[in-house]
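Everything below belongs to protein13.tsv, which stores TSV, C-alpha atoms.
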```tsv
chain	number	residue	atom	x	y	z
C	1	MET	CA	-12.83	30.71	2.12
C	2	THR	CA	-10.18	28.00	2.41
C	3	LYS	CA	-11.20	24.79	4.17
C	4	ARG	CA	-8.61	22.89	6.18
C	5	VAL	CA	-8.85	19.15	5.68
C	6	SER	CA	-7.13	16.07	7.13
C	7	ILE	CA	-7.24	12.83	5.14
C	8	ILE	CA	-6.91	9.75	7.33
C	9	GLY	CA	-5.98	7.05	4.84
C	10	SER	CA	-4.77	9.19	1.95
C	11	THR	CA	-3.12	6.45	-0.13
C	12	GLY	CA	-6.19	4.23	-0.50
C	13	SER	CA	-8.74	4.56	-3.30
C	14	VAL	CA	-10.97	6.98	-1.37
C	15	GLY	CA	-8.01	9.06	-0.21
C	16	GLN	CA	-6.68	9.30	-3.75
C	17	SER	CA	-10.11	10.35	-5.04
C	18	ALA	CA	-10.25	13.01	-2.34
C	19	LEU	CA	-6.90	14.41	-3.42
C	20	SER	CA	-8.16	14.54	-7.00
C	21	VAL	CA	-11.11	16.60	-5.74
C	22	VAL	CA	-8.75	18.92	-3.88
C	23	ALA	CA	-6.42	19.36	-6.86
C	24	HIS	CA	-9.27	20.14	-9.25
C	25	ALA	CA	-10.99	22.55	-6.84
C	26	ASN	CA	-7.74	24.44	-6.18
C	27	GLU	CA	-6.61	24.68	-9.78
C	28	GLY	CA	-6.01	28.23	-10.93
C	29	LEU	CA	-7.10	29.88	-7.68
C	30	LYS	CA	-5.04	32.46	-5.77
C	31	GLU	CA	-6.72	31.38	-2.55
C	32	PRO	CA	-7.17	27.58	-2.51
C	33	ARG	CA	-10.51	26.02	-1.66
C	34	PHE	CA	-8.73	23.33	0.38
C	35	GLU	CA	-5.51	23.05	2.39
C	36	ILE	CA	-4.27	19.72	3.69
C	37	GLU	CA	-3.47	19.75	7.39
C	38	ALA	CA	-2.59	16.08	7.88
C	39	MET	CA	-2.49	12.92	5.80
C	40	THR	CA	-1.85	9.36	6.93
C	41	ALA	CA	-1.11	5.90	5.55
C	42	GLN	CA	-0.33	2.53	7.10
C	43	THR	CA	2.56	1.19	5.00
C	44	SER	CA	2.60	3.07	1.65
C	45	VAL	CA	5.44	5.34	2.74
C	46	ASP	CA	6.69	6.36	-0.70
C	47	GLU	CA	3.23	7.33	-1.89
C	48	LEU	CA	2.48	9.19	1.35
C	49	ALA	CA	5.68	11.23	1.03
C	50	LYS	CA	4.88	12.03	-2.60
C	51	GLN	CA	1.37	13.17	-1.67
C	52	ALA	CA	2.57	15.25	1.26
C	53	ARG	CA	5.07	17.09	-0.92
C	54	LEU	CA	2.62	17.64	-3.78
C	55	PHE	CA	-0.19	18.95	-1.57
C	56	LYS	CA	2.05	20.75	0.91
C	57	ALA	CA	0.56	18.95	3.90
C	58	LYS	CA	1.55	20.23	7.30
C	59	ARG	CA	1.88	16.74	8.81
C	60	ALA	CA	2.40	13.23	7.41
C	61	VAL	CA	1.89	10.14	9.57
C	62	ILE	CA	2.82	6.54	8.75
C	63	GLY	CA	1.09	3.86	10.82
C	64	ASP	CA	3.94	1.35	10.61
C	65	GLU	CA	6.52	2.67	13.08
C	66	THR	CA	9.35	0.82	11.33
C	67	LEU	CA	8.89	3.18	8.36
C	68	TYR	CA	9.34	6.38	10.35
C	69	SER	CA	12.95	6.95	9.32
C	70	THR	CA	12.08	6.35	5.66
C	71	LEU	CA	9.30	8.93	5.77
C	72	LYS	CA	11.52	11.34	7.67
C	73	SER	CA	14.22	10.99	5.01
C	74	HIS	CA	11.75	11.46	2.15
C	75	LEU	CA	10.41	14.69	3.66
C	76	ALA	CA	13.70	16.16	4.93
C	77	GLY	CA	13.93	19.88	4.30
C	78	THR	CA	10.23	20.31	3.45
C	79	GLY	CA	9.08	21.58	6.83
C	80	ILE	CA	6.41	18.87	6.93
C	81	GLU	CA	6.01	17.34	10.38
C	82	VAL	CA	6.53	13.58	10.46
C	83	ALA	CA	5.15	11.06	12.93
C	84	ALA	CA	4.53	7.31	13.10
C	85	GLY	CA	2.35	4.77	14.89
C	86	ALA	CA	-1.32	4.19	15.62
C	87	LYS	CA	-1.40	6.82	18.36
C	88	ALA	CA	0.09	9.38	15.98
C	89	ILE	CA	-2.73	8.71	13.51
C	90	GLU	CA	-5.26	9.30	16.29
C	91	GLU	CA	-3.48	12.52	17.25
C	92	ALA	CA	-3.53	13.70	13.63
C	93	SER	CA	-7.30	13.20	13.65
C	94	THR	CA	-7.68	15.57	16.59
C	95	ILE	CA	-5.93	18.58	14.99
C	96	PRO	CA	-8.65	21.22	14.59
C	97	VAL	CA	-9.80	21.33	10.95
C	98	ASP	CA	-12.93	22.01	8.93
C	99	ARG	CA	-13.24	18.35	7.92
C	100	VAL	CA	-11.57	15.02	8.68
C	101	LEU	CA	-12.01	12.47	5.90
C	102	ALA	CA	-12.12	9.05	7.58
C	103	ALA	CA	-10.95	6.77	4.77
C	104	ILE	CA	-9.14	3.88	6.49
C	105	VAL	CA	-10.63	0.55	5.43
C	106	GLY	CA	-12.06	-1.77	8.10
C	107	ILE	CA	-12.37	-1.49	11.85
C	108	ALA	CA	-8.77	-0.22	11.84
C	109	GLY	CA	-10.30	3.20	11.18
C	110	LEU	CA	-12.47	3.24	14.30
C	111	ARG	CA	-10.10	4.81	16.82
C	112	SER	CA	-9.08	7.70	14.57
C	113	THR	CA	-12.72	8.38	13.70
C	114	HIS	CA	-13.64	8.32	17.38
C	115	ALA	CA	-10.72	10.63	18.19
C	116	ALA	CA	-11.74	13.12	15.51
C	117	LEU	CA	-15.32	13.31	16.74
C	118	ALA	CA	-14.29	13.52	20.40
C	119	ALA	CA	-12.08	16.49	19.49
C	120	GLY	CA	-15.05	18.20	17.85
C	121	ASN	CA	-13.85	17.77	14.27
C	122	PRO	CA	-16.56	17.32	11.62
C	123	VAL	CA	-16.04	13.93	9.97
C	124	ALA	CA	-16.66	12.95	6.36
C	125	LEU	CA	-17.24	9.26	7.04
C	126	ALA	CA	-16.07	6.89	4.30
C	127	ASN	CA	-15.29	4.08	6.77
C	128	LYS	CA	-18.52	2.10	7.09
C	129	GLU	CA	-17.02	-0.48	9.45
C	130	SER	CA	-16.63	2.16	12.17
C	131	MET	CA	-20.34	2.90	12.06
C	132	VAL	CA	-21.27	-0.79	11.83
C	133	CYS	CA	-19.25	-1.72	14.91
C	134	ALA	CA	-19.66	1.47	16.94
C	135	GLY	CA	-22.56	3.45	15.52
C	136	PRO	CA	-24.27	4.24	18.84
C	137	LEU	CA	-20.93	5.17	20.45
C	138	LEU	CA	-19.84	7.46	17.61
C	139	LYS	CA	-23.18	9.24	17.52
C	140	GLN	CA	-23.06	9.75	21.30
C	141	VAL	CA	-19.52	11.14	21.09
C	142	ALA	CA	-20.50	13.46	18.22
C	143	ALA	CA	-23.53	14.74	20.11
C	144	LYS	CA	-21.39	15.47	23.16
C	145	SER	CA	-18.64	17.32	21.25
C	146	GLY	CA	-20.94	19.08	18.79
C	147	ALA	CA	-19.21	17.51	15.79
C	148	PHE	CA	-21.27	16.34	12.84
C	149	ILE	CA	-20.91	13.32	10.58
C	150	VAL	CA	-21.32	13.71	6.84
C	151	PRO	CA	-21.96	10.34	5.13
C	152	THR	CA	-19.40	9.90	2.35
C	153	ASP	CA	-20.03	6.40	0.97
C	154	SER	CA	-21.77	7.04	-2.33
C	155	GLU	CA	-25.03	5.41	-1.22
C	156	HIS	CA	-25.29	7.16	2.12
C	157	ASN	CA	-24.19	10.49	0.73
C	158	ALA	CA	-26.93	10.10	-1.88
C	159	MET	CA	-29.52	9.56	0.85
C	160	PHE	CA	-28.11	12.47	2.82
C	161	GLN	CA	-28.55	14.76	-0.18
C	162	VAL	CA	-32.23	13.88	-0.70
C	163	LEU	CA	-33.36	13.60	2.93
C	164	GLU	CA	-35.28	16.85	2.90
C	165	ALA	CA	-37.73	15.84	5.63
C	166	PRO	CA	-36.48	12.90	7.75
C	167	GLU	CA	-39.70	12.83	9.77
C	168	ASP	CA	-41.68	12.06	6.59
C	169	VAL	CA	-39.50	9.17	5.38
C	170	ASP	CA	-41.24	5.91	4.60
C	171	ARG	CA	-38.31	3.79	3.41
C	172	LEU	CA	-34.64	4.08	2.47
C	173	ILE	CA	-33.56	2.21	-0.66
C	174	LEU	CA	-29.92	1.25	-1.25
C	175	THR	CA	-28.90	0.30	-4.76
C	176	ALA	CA	-26.33	-2.37	-5.63
C	177	SER	CA	-24.58	-2.90	-8.94
C	178	GLY	CA	-24.68	-6.67	-8.50
C	179	GLY	CA	-20.90	-6.97	-8.69
C	180	PRO	CA	-19.03	-9.31	-11.03
C	181	PHE	CA	-21.06	-12.44	-10.24
C	182	LEU	CA	-24.65	-11.26	-10.68
C	183	ARG	CA	-25.21	-13.72	-13.55
C	184	THR	CA	-22.52	-16.32	-12.80
C	185	PRO	CA	-24.00	-19.82	-12.34
C	186	MET	CA	-24.00	-20.51	-8.62
C	187	HIS	CA	-22.21	-23.83	-8.96
C	188	LYS	CA	-19.19	-21.95	-10.37
C	189	LEU	CA	-18.86	-19.46	-7.50
C	190	ALA	CA	-16.70	-21.72	-5.32
C	191	ALA	CA	-13.99	-21.73	-7.98
C	192	VAL	CA	-13.75	-18.00	-8.72
C	193	THR	CA	-10.35	-16.39	-8.21
C	194	PRO	CA	-9.43	-13.26	-6.23
C	195	ASP	CA	-8.69	-11.39	-9.46
C	196	GLU	CA	-12.14	-12.29	-10.80
C	197	ALA	CA	-13.77	-11.18	-7.56
C	198	CYS	CA	-11.93	-7.86	-7.67
C	199	ALA	CA	-12.95	-7.10	-11.27
C	200	HIS	CA	-15.88	-4.84	-10.40
C	201	PRO	CA	-17.94	-3.91	-13.47
C	202	ARG	CA	-18.59	-0.29	-12.42
C	203	TRP	CA	-16.43	0.95	-9.55
C	204	SER	CA	-12.66	1.12	-9.07
C	205	MET	CA	-11.98	0.10	-5.47
C	206	GLY	CA	-9.43	-1.59	-3.24
C	207	ARG	CA	-9.32	-5.38	-3.19
C	208	LYS	CA	-11.02	-5.84	0.17
C	209	ILE	CA	-13.97	-3.63	-0.72
C	210	SER	CA	-14.17	-5.21	-4.18
C	211	VAL	CA	-14.53	-8.68	-2.66
C	212	ASP	CA	-17.14	-7.33	-0.24
C	213	SER	CA	-19.04	-5.99	-3.24
C	214	ALA	CA	-18.83	-9.37	-4.95
C	215	THR	CA	-20.31	-11.17	-1.91
C	216	PHE	CA	-22.80	-8.31	-1.21
C	217	MET	CA	-21.28	-7.96	2.27
C	218	ASN	CA	-20.47	-4.37	1.33
C	219	LYS	CA	-24.18	-3.74	0.79
C	220	ALA	CA	-25.02	-5.62	3.99
C	221	LEU	CA	-22.69	-3.38	6.00
C	222	GLU	CA	-24.10	-0.34	4.22
C	223	LEU	CA	-27.59	-1.35	5.36
C	224	VAL	CA	-26.39	-1.38	8.97
C	225	GLU	CA	-24.58	1.92	8.48
C	226	ALA	CA	-27.71	3.53	7.04
C	227	SER	CA	-29.77	2.31	9.98
C	228	PHE	CA	-27.40	3.96	12.48
C	229	LEU	CA	-26.72	7.11	10.46
C	230	PHE	CA	-30.33	7.96	9.77
C	231	ASP	CA	-32.08	6.34	12.77
C	232	VAL	CA	-34.19	4.09	10.55
C	233	PRO	CA	-34.83	0.45	11.54
C	234	GLU	CA	-33.47	-2.18	9.17
C	235	SER	CA	-37.03	-3.32	8.41
C	236	ARG	CA	-37.56	0.00	6.59
C	237	ILE	CA	-34.40	-0.23	4.49
C	238	ASP	CA	-34.53	-2.05	1.16
C	239	VAL	CA	-31.83	-3.10	-1.29
C	240	LEU	CA	-32.35	-3.13	-5.05
C	241	VAL	CA	-29.96	-4.40	-7.70
C	242	HIS	CA	-29.34	-1.63	-10.23
C	243	PRO	CA	-26.62	-2.74	-12.67
C	244	GLN	CA	-26.04	0.67	-14.28
C	245	SER	CA	-24.99	2.23	-10.93
C	246	VAL	CA	-26.51	5.57	-11.96
C	247	ILE	CA	-29.00	5.93	-9.10
C	248	HIS	CA	-26.93	5.69	-5.94
C	249	SER	CA	-29.81	5.59	-3.46
C	250	LEU	CA	-33.46	6.57	-3.12
C	251	VAL	CA	-35.66	7.80	-0.32
C	252	SER	CA	-39.41	7.17	-0.40
C	253	TYR	CA	-41.75	9.44	1.54
C	254	ILE	CA	-45.12	8.86	3.16
C	255	ASP	CA	-46.87	10.88	0.43
C	256	GLY	CA	-45.68	8.48	-2.27
C	257	SER	CA	-42.75	10.58	-3.49
C	258	PHE	CA	-39.42	8.97	-4.37
C	259	LEU	CA	-36.32	11.18	-4.38
C	260	ALA	CA	-33.12	9.83	-5.91
C	261	GLN	CA	-29.56	11.06	-6.36
C	262	LEU	CA	-28.04	10.25	-9.75
C	263	GLY	CA	-24.54	10.56	-11.10
C	264	SER	CA	-21.67	8.79	-12.81
C	265	PRO	CA	-20.14	6.01	-10.68
C	266	ASP	CA	-17.21	8.06	-9.35
C	267	MET	CA	-16.33	8.58	-5.68
C	268	GLN	CA	-15.17	12.13	-6.37
C	269	THR	CA	-18.80	13.30	-6.39
C	270	PRO	CA	-19.79	12.21	-2.86
C	271	ILE	CA	-16.35	13.16	-1.51
C	272	ALA	CA	-16.63	16.68	-2.94
C	273	HIS	CA	-20.06	17.08	-1.38
C	274	ALA	CA	-18.92	15.71	1.99
C	275	LEU	CA	-15.89	18.00	2.13
C	276	THR	CA	-17.90	21.15	1.42
C	277	TRP	CA	-21.33	20.59	3.00
C	278	PRO	CA	-23.23	22.72	4.03
C	279	ASP	CA	-21.41	25.32	1.92
C	280	ARG	CA	-21.45	25.67	-1.85
C	281	ARG	CA	-20.39	22.73	-3.94
C	282	VAL	CA	-17.11	22.65	-5.86
C	283	THR	CA	-16.54	21.61	-9.45
C	284	THR	CA	-15.03	18.17	-10.04
C	285	ALA	CA	-13.46	16.38	-12.98
C	286	VAL	CA	-16.16	13.69	-12.86
C	287	GLU	CA	-17.55	12.66	-16.25
C	288	ARG	CA	-21.03	14.13	-16.54
C	289	LEU	CA	-23.95	11.73	-16.70
C	290	ASP	CA	-25.53	11.34	-20.13
C	291	LEU	CA	-28.94	9.81	-19.54
C	292	ALA	CA	-29.67	9.51	-23.24
C	293	ALA	CA	-26.50	7.42	-23.61
C	294	VAL	CA	-27.43	5.31	-20.61
C	295	ALA	CA	-30.85	4.88	-22.25
C	296	ARG	CA	-32.33	2.57	-19.60
C	297	LEU	CA	-32.27	1.99	-15.86
C	298	ASP	CA	-32.85	-1.58	-14.70
C	299	PHE	CA	-33.80	-2.83	-11.23
C	300	GLU	CA	-34.32	-6.23	-9.65
C	301	ASN	CA	-34.68	-7.71	-6.21
C	302	VAL	CA	-31.67	-9.27	-4.48
C	303	ASP	CA	-31.40	-13.03	-4.90
C	304	ASP	CA	-31.05	-14.04	-1.24
C	305	ALA	CA	-29.82	-17.54	-2.12
C	306	ARG	CA	-27.00	-16.11	-4.22
C	307	PHE	CA	-26.25	-13.21	-1.84
C	308	PRO	CA	-27.15	-14.24	1.76
C	309	ALA	CA	-25.04	-11.47	3.33
C	310	ILE	CA	-27.87	-8.96	3.54
C	311	ASN	CA	-30.17	-11.23	5.53
C	312	LEU	CA	-27.22	-12.16	7.72
C	313	ALA	CA	-26.67	-8.48	8.52
C	314	ARG	CA	-30.37	-7.99	9.22
C	315	ALA	CA	-30.29	-10.84	11.72
C	316	ALA	CA	-27.14	-9.46	13.37
C	317	ILE	CA	-28.51	-5.94	13.80
C	318	ARG	CA	-31.66	-7.37	15.38
C	319	GLU	CA	-29.57	-9.47	17.76
C	320	SER	CA	-27.05	-7.02	19.28
C	321	ASN	CA	-24.19	-4.64	18.70
C	322	ALA	CA	-21.84	-7.51	19.58
C	323	ALA	CA	-23.24	-9.58	16.72
C	324	LEU	CA	-22.40	-6.76	14.29
C	325	ILE	CA	-18.83	-6.57	15.57
C	326	VAL	CA	-18.45	-10.34	15.17
C	327	LEU	CA	-19.91	-10.19	11.67
C	328	ASN	CA	-17.52	-7.48	10.56
C	329	ALA	CA	-14.46	-9.11	12.16
C	330	ALA	CA	-15.18	-12.54	10.71
C	331	ASN	CA	-15.76	-11.07	7.27
C	332	GLU	CA	-12.45	-9.19	7.35
C	333	ILE	CA	-10.62	-12.39	8.29
C	334	ALA	CA	-12.45	-14.43	5.66
C	335	VAL	CA	-11.82	-11.92	2.87
C	336	ASP	CA	-8.13	-11.81	3.74
C	337	ALA	CA	-8.06	-15.62	3.71
C	338	PHE	CA	-9.71	-15.70	0.29
C	339	LEU	CA	-7.31	-13.13	-1.14
C	340	SER	CA	-4.43	-15.19	0.28
C	341	GLY	CA	-5.70	-18.42	-1.25
C	342	LYS	CA	-6.61	-20.01	2.09
C	343	CYS	CA	-10.34	-20.42	1.45
C	344	ARG	CA	-12.86	-20.38	-1.37
C	345	PHE	CA	-15.00	-17.42	-2.36
C	346	THR	CA	-18.13	-19.19	-1.09
C	347	ASP	CA	-16.46	-19.82	2.27
C	348	ILE	CA	-16.43	-16.11	3.07
C	349	ILE	CA	-20.10	-15.90	3.97
C	350	ASN	CA	-20.00	-19.34	5.63
C	351	ILE	CA	-17.22	-18.16	7.96
C	352	ALA	CA	-19.10	-14.96	8.77
C	353	GLU	CA	-22.37	-16.77	9.42
C	354	SER	CA	-20.79	-19.52	11.51
C	355	SER	CA	-18.89	-16.93	13.54
C	356	VAL	CA	-22.01	-14.93	14.35
C	357	GLU	CA	-23.88	-18.09	15.37
C	358	ALA	CA	-21.00	-19.33	17.52
C	359	MET	CA	-19.72	-16.09	19.02
C	360	SER	CA	-22.25	-13.29	19.32
C	361	LYS	CA	-24.31	-14.76	22.16
C	362	ARG	CA	-21.17	-15.02	24.32
C	363	PHE	CA	-21.24	-11.27	24.80
C	364	PRO	CA	-23.80	-9.16	26.67
C	365	ALA	CA	-26.08	-7.06	24.51
C	366	GLY	CA	-24.72	-3.97	26.27
C	367	ALA	CA	-26.52	-0.79	27.17
C	368	ASP	CA	-27.07	1.97	24.63
C	369	TYR	CA	-23.58	1.53	23.31
C	370	LEU	CA	-20.37	-0.42	23.81
C	371	GLY	CA	-17.12	1.39	24.62
C	372	LEU	CA	-13.95	1.27	22.53
C	373	GLU	CA	-12.26	-1.33	24.73
C	374	GLU	CA	-15.33	-3.58	24.76
C	375	ILE	CA	-15.54	-3.34	20.99
C	376	ALA	CA	-11.83	-4.15	20.69
C	377	GLU	CA	-12.19	-7.23	22.92
C	378	ILE	CA	-15.14	-8.60	20.95
C	379	ASP	CA	-13.36	-7.88	17.68
C	380	ALA	CA	-10.18	-9.66	18.81
C	381	ARG	CA	-12.00	-12.77	20.03
C	382	ALA	CA	-14.10	-12.94	16.87
C	383	ARG	CA	-10.99	-12.68	14.70
C	384	SER	CA	-9.29	-15.44	16.65
C	385	ALA	CA	-12.29	-17.74	16.22
C	386	ALA	CA	-12.56	-16.96	12.50
C	387	ASN	CA	-8.84	-17.63	12.03
C	388	GLU	CA	-9.28	-21.00	13.70
C	389	MET	CA	-12.06	-21.82	11.23
C	390	VAL	CA	-9.82	-20.92	8.32
C	391	GLY	CA	-6.85	-22.83	9.74
C	392	SER	CA	-8.76	-25.99	10.57
C	393	ARG	CA	-10.92	-25.80	7.45
C	394	MET	CA	-13.91	-26.36	9.73
C	395	ILE	CA	-16.10	-24.19	7.51
C	396	ARG	CA	-19.76	-25.06	7.39
C	397	THR	CA	-21.40	-25.27	4.00
C	398	ARG	CA	-24.78	-23.67	3.48
C	399	ASP	CA	-26.19	-27.09	2.66
C	400	ALA	CA	-25.41	-28.14	6.23
C	401	ILE	CA	-27.12	-25.16	7.85
```
As structure tokens, what does this structure read like?
Amino acid sequence: MTKRVSIIGSTGSVGQSALSVVAHANEGLKEPRFEIEAMTAQTSVDELAKQARLFKAKRAVIGDETLYSTLKSHLAGTGIEVAAGAKAIEEASTIPVDRVLAAIVGIAGLRSTHAALAAGNPVALANKESMVCAGPLLKQVAAKSGAFIVPTDSEHNAMFQVLEAPEDVDRLILTASGGPFLRTPMHKLAAVTPDEACAHPRWSMGRKISVDSATFMNKALELVEASFLFDVPESRIDVLVHPQSVIHSLVSYIDGSFLAQLGSPDMQTPIAHALTWPDRRVTTAVERLDLAAVARLDFENVDDARFPAINLARAAIRESNAALIVLNAANEIAVDAFLSGKCRFTDIINIAESSVEAMSKRFPAGADYLGLEEIAEIDARARSAANEMVGSRMIRTRDAI
């Protein structure tokens, strides 16, 4: 049976991996496994038009309204509907489908994810920032509409696959590759370049996520996401460094069992699972794991002095939802500043930490969840404060904390 899918953020790394899954699953079939209902991008108009034509999407949406005429021209005569703007992306998310893949990077993906769930669309969630900033809200909306959320980040999808008895879980264990600077002398970290930070040893990702991996902020946000997704307190979620990136996550149970999901480091695997669950899996073009060739699996604890992001996230989740929003916003600003040459690599965590300390207590803890407008206000104010830190170079060093 053909599944109808919308890909919100189709031109990014996750969106492109999803389209590879779709192409491989459909190859040679009279009745395709997947049809694309809608696909969206923010500014990559040429790539979006190419994708829409190739996959015969019913609707293509460009976030930047100034590119509407370009997209319209590219798709003239195809019968593909064209729209532009943030509201149009939200509307595309509400079209009834079997699965919406939420693949926009950062909090920019929150409103479309919220819209999809509110409309009752099942969401394959690859946008961790939405869950970090609005986890309680999204789960409440999903419960009300009857929609379900399938974790699609490799680590959370791995946990999802091996959570056979949630009531018997002892601990969740996230694995981290260690990124490009696992062995770099700490005194050299301040001088690393954006290209060095984006040179991930295992995964091929966008630049923002690659920098987050290098600072371990990606893993810190994943810890928060796991806590909300699986209703497990952060105190029962561990992080282990696993350089081979073969085990994507583990779940330990109260009887002493450990269940793990293994596979080659390729996002096509979790995406394929998230697009088809709970139905049968589809074949993918992913290189099959050869354990004999891997030969060994190494693990080590996280060096908190080298990678303070995880403890920062733990403190934020214990403080309030507002603290998590501030943390995410400040990190997005700091990463952009680093990639633009406006701050050092080591300043990223300092900006995030200083922002949480300075900003989070200005906001009420809230009730069970904050609404979209409250989240947007906190996010905007946190970004403004973080930008001021970058602009004035008033960035605290860890030695001064």
Please report, as CSV, each residue of region 17-65 of chain C lying at most 7 Å from region 281-290 of chain C, together with the nearest pair of atoms and the separation in Å rounded to one decimal; use only C-alpha atoms, and order rows by chain and ascending residue number.
```
residue,atom,partner,partner_atom,distance
C:Val21,CA,C:Thr284,CA,6.0
C:His24,CA,C:Thr284,CA,6.1
C:Ala25,CA,C:Val282,CA,6.2
```
Identify, on the basis of all atoms listed in the file, every residue whose closest approach to Ser177 (chain C) does not exceed 12 Å; exclude the query and any residue fewer than 5 positions from it along the same chain; express the result as a ChimeraX atom specification.
-> /C:155,182-183,200-203,210,213-216,218-219,239-249,265,297-302
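Here CA of Thr276 (chain C) stands at a distance of 12.5 Å from CA of Val97 (chain C).
CA of Arg33 (chain C) is found 21.0 Å from CA of Thr11 (chain C).
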In Å to one decimal, how far is CA of Ser340 (chain C) from CA of Ala41 (chain C)?
-> 22.0 Å
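Distance annotation: of C:Asp238, C:Asp303, C:Glu167, C:Asp255, the residue with the minimal separation from Phe181 (chain C) is C:Asp303; atom set is all atoms listed in the file.
Proximity to Phe34 (chain C) was assessed for C:Ile149, C:Ala272, C:Ala143, C:Val61 counting only C-alpha atoms; the smallest distance is recorded for C:Ala272.
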Which residues, protein or nucleic acid, reach to within 10 Å of (-12.8, 8.8, 17.6) in the file's coordinates when using all atoms listed in the file, and can you give that as an mmCIF file with C-alpha atoms, in the coordinates of the input?
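Heads up, here's the output in part_25.cif:
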```
data_model
loop_
_atom_site.group_PDB
_atom_site.id
_atom_site.type_symbol
_atom_site.label_atom_id
_atom_site.label_comp_id
_atom_site.auth_asym_id
_atom_site.auth_seq_id
_atom_site.Cartn_x
_atom_site.Cartn_y
_atom_site.Cartn_z
ATOM 1 C CA GLU C 90 -5.260 9.300 16.290
ATOM 2 C CA SER C 93 -7.300 13.200 13.650
ATOM 3 C CA THR C 94 -7.680 15.570 16.590
ATOM 4 C CA GLY C 109 -10.300 3.200 11.180
ATOM 5 C CA LEU C 110 -12.470 3.240 14.300
ATOM 6 C CA ARG C 111 -10.100 4.810 16.820
ATOM 7 C CA SER C 112 -9.080 7.700 14.570
ATOM 8 C CA THR C 113 -12.720 8.380 13.700
ATOM 9 C CA HIS C 114 -13.640 8.320 17.380
ATOM 10 C CA ALA C 115 -10.720 10.630 18.190
ATOM 11 C CA ALA C 116 -11.740 13.120 15.510
ATOM 12 C CA LEU C 117 -15.320 13.310 16.740
ATOM 13 C CA ALA C 118 -14.290 13.520 20.400
ATOM 14 C CA ALA C 119 -12.080 16.490 19.490
ATOM 15 C CA GLY C 120 -15.050 18.200 17.850
ATOM 16 C CA ASN C 121 -13.850 17.770 14.270
ATOM 17 C CA VAL C 123 -16.040 13.930 9.970
ATOM 18 C CA SER C 130 -16.630 2.160 12.170
ATOM 19 C CA LEU C 137 -20.930 5.170 20.450
ATOM 20 C CA LEU C 138 -19.840 7.460 17.610
ATOM 21 C CA VAL C 141 -19.520 11.140 21.090
ATOM 22 C CA ALA C 142 -20.500 13.460 18.220
ATOM 23 C CA LEU C 372 -13.950 1.270 22.530
#
```
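Minimum atom-to-atom distance to Asn350 (chain C), evaluated using only C-alpha atoms, belongs to C:Ala309 out of C:Ala309, C:Ala376, C:Ala83, C:Ala323.
Residue neighbourhood of Val162 (chain C), excluding near-sequence residues (fewer than 2 positions): Asn157, Ala158, Met159, Phe160, Glu164, Ala165, Leu250, Val251, Leu259, Ala260 and Gln261 of chain C, at 9 Å, using all atoms listed in the file.
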Nearest candidate to Lys342 (chain C) (options C:Met359, C:Ile325, C:Ala23, C:Met389; using all atoms listed in the file) | C:Met389
Residues near Tyr68 (chain C), cut-off 9 Å, only C-alpha atoms, skip fewer than 5 positions along chain, as a PyMOL selection string | chain C and resi 45+61-63+73+82-85
